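First comes the structure, then the notes that go with it.
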Amino acid sequence: MGNAGPTDTSHGRLGHVLSGLVVAVGCVLFLGAFAWGAVLYQPYTVPTNSMNPTVKAGDRVLAERIDGEEVRRGDVVVFQDSVWGSVPMVKRVVGTGGDKVVCCTKQGRLSVNGKTVDEPYLKDTGPDSQPPFKKTTVPKGRLFLLGDHRMDSVDSRVHMADGDHGAVPRSAVNARVDAVAWPMSGLGMLAHPGGFSSLPGGTSTPGPLAPLVTAIVVGALMILGGAAYGPIARRAGRGARG
């Protein structure tokens, strides 16, 4: 009476095959997404508080490797330009080639091509939240960059006397920041810069970081679940025979 019948054995074999399949699929998801993410993204440590509160000094961010031609207004980019210094920097793109950029309106807001831009990500808002600067036209193939902490950012405003009106070449951009990875208190994707959506060219499409993270998590759960099925099934089988 205590011996397992043919049906029990076949069920056990089927369960073993299915658990192996789950582990295999989980490995593909986990390793594939992790490898693809390593190709597309690079980690970067933010050096200053000029982009506070979006990202702060010491934050570890994940930035998608992109070509400078893919950059749109509102993007937070990692770039390096010899005029600005010898290390990579992080700023927000507020103007592209041909744009007329000026600050500020009576409400203390940025204007691009005559349109006031809503910037909820700024450190401060209001008439005295950012130093004003005269209207400037961004040269073709270049980007006008500002920090989100406008009162504490060395950015395109400081370099406006340069021949390129403070703008940097698109080729200087190495990556676009998609998310904060550390510290845990700031973990998450950067908010979409909707204030630039109505301007010609629109805003960038989010990178594939979110689905990659989902695939990694699902893959890990499948590996753990499939690996745990065998021992659980064996204990259940011994209990049934007993």
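Naming scheme: A, B, ... for chains in displayed order of the structure tokens; residues 1 onward per chain; ligands 1 onward as shown.
Using only C-alpha atoms, the contacts of region 81-89 of chain A at a cut-off of 8 Å, with sequence neighbours closer than 5 positions omitted, comprise Val46, Pro47, Val168 and Ala172 of chain A.
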Using only N, CA and C atoms, please write the residues we just selected to a file, as a PDB file, in the first residue's frame.
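To be explicit, this is the file written out as part31.pdb:
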ATOM      1  N   VAL A  46      27.865  60.632  -9.574  1.00  0.00           N
ATOM      2  CA  VAL A  46      27.647  62.066  -9.771  1.00  0.00           C
ATOM      3  C   VAL A  46      28.644  62.850  -8.915  1.00  0.00           C
ATOM      4  N   PRO A  47      29.403  63.785  -9.526  1.00  0.00           N
ATOM      5  CA  PRO A  47      30.474  64.460  -8.779  1.00  0.00           C
ATOM      6  C   PRO A  47      30.045  65.656  -7.942  1.00  0.00           C
ATOM      7  N   VAL A 168      27.727  73.010 -25.791  1.00  0.00           N
ATOM      8  CA  VAL A 168      28.729  71.966 -26.038  1.00  0.00           C
ATOM      9  C   VAL A 168      28.316  71.169 -27.273  1.00  0.00           C
ATOM     10  N   ALA A 172      30.087  65.509 -27.564  1.00  0.00           N
ATOM     11  CA  ALA A 172      30.653  65.450 -26.216  1.00  0.00           C
ATOM     12  C   ALA A 172      29.834  64.548 -25.290  1.00  0.00           C
TER      13      ALA A 172
END
Report as a PyMOL selection string: the residues of region 11-63 of chain A with a DSSP assignment of helix (DSSP H, G or I), based on the backbone of this structure. chain A and resi 11-40
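Shell of Leu224 (chain A) at 12 Å, with only C-alpha atoms counted and residues fewer than 6 places along the chain excluded, is A:Ser19, A:Gly20, A:Val22, A:Val23, A:Ala24, A:Val25, A:Gly26, A:Cys27, A:Phe30, A:Val217, A:Val218, A:Gly230, A:Pro231.
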Quick one: residues within 9 Å of Arg176 (chain A), only C-alpha atoms, excluding same-chain residues fewer than 2 positions away - as a list in words? Leu62, Ala63, Glu64, Arg65, Ile66, Val71, Asp75, Val76, Val77, Val78, Phe79, Val173, Asn174, Asp178 and Gly207 of chain A
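Distances from A:Met184, A:Ile223, A:Val213, A:Val101 to Phe34 (chain A) were compared using only C-alpha atoms, and the smallest one belongs to A:Val213.
You can rank A:Val177, A:Met51, A:Val154, A:Ala227 by their closest distance to Leu21 (chain A) using only C-alpha atoms, and at the top of that list sits A:Ala227.
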Which residues come within 9 Å of Asn113 (chain A), counting only C-alpha atoms, excluding same-chain residues fewer than 6 positions away, as a PyMOL selection string? chain A and resi 99-102+199
Go ahead and write the selection's residues with C-alpha atoms as an mmCIF file, in the first residue's frame.
data_model
loop_
_atom_site.group_PDB
_atom_site.id
_atom_site.type_symbol
_atom_site.label_atom_id
_atom_site.label_comp_id
_atom_site.auth_asym_id
_atom_site.auth_seq_id
_atom_site.Cartn_x
_atom_site.Cartn_y
_atom_site.Cartn_z
ATOM 1 C CA ASP A 99 16.819 77.201 -30.074
ATOM 2 C CA LYS A 100 16.508 80.640 -28.522
ATOM 3 C CA VAL A 101 16.939 80.227 -24.763
ATOM 4 C CA VAL A 102 16.439 82.930 -22.127
ATOM 5 C CA LEU A 199 8.531 71.769 -28.515
#
Need the shell around region 115-125 of chain A: protein/DNA/RNA residues with any atom at most 10 Å away, counting only C-alpha atoms. Skip same-chain ones fewer than 2 positions apart. Format as an NGL selection string? :A and (50-54 or 74 or 94 or 100-105 or 107-113 or 127-130 or 147-152 or 190-199)
Would you please extract all strand (DSSP E) residues from region 28-227 of chain A, as assigned by DSSP on the backbone, and give them as number ranges by chain? A: 41-45, 60-65, 76-79, 89-96, 100-103, 110-112, 115-116, 133-137, 142-146, 168-169, 173-182, 188-189
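Taking CA of His165 (chain A) and CA of Ser153 (chain A) as the two end points, the separation is 16.6 Å.
Going from CA of Val90 (chain A) over to CA of Gly201 (chain A), you cover 22.0 Å.
With CA of His16 (chain A) on one side and CA of Val28 (chain A) on the other, the separation reads 18.6 Å.
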Choose the residue, out of A:Val138, A:Ala38, A:Val61, A:Leu212, that has the smallest atom-to-atom separation from Gly98 (chain A); count only C-alpha atoms. A:Val138
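With only C-alpha atoms as the basis for measurement, A:Phe144 is the residue among A:Trp182, A:Phe144, A:Trp36, A:Tyr229 that approaches Lys91 (chain A) most closely.
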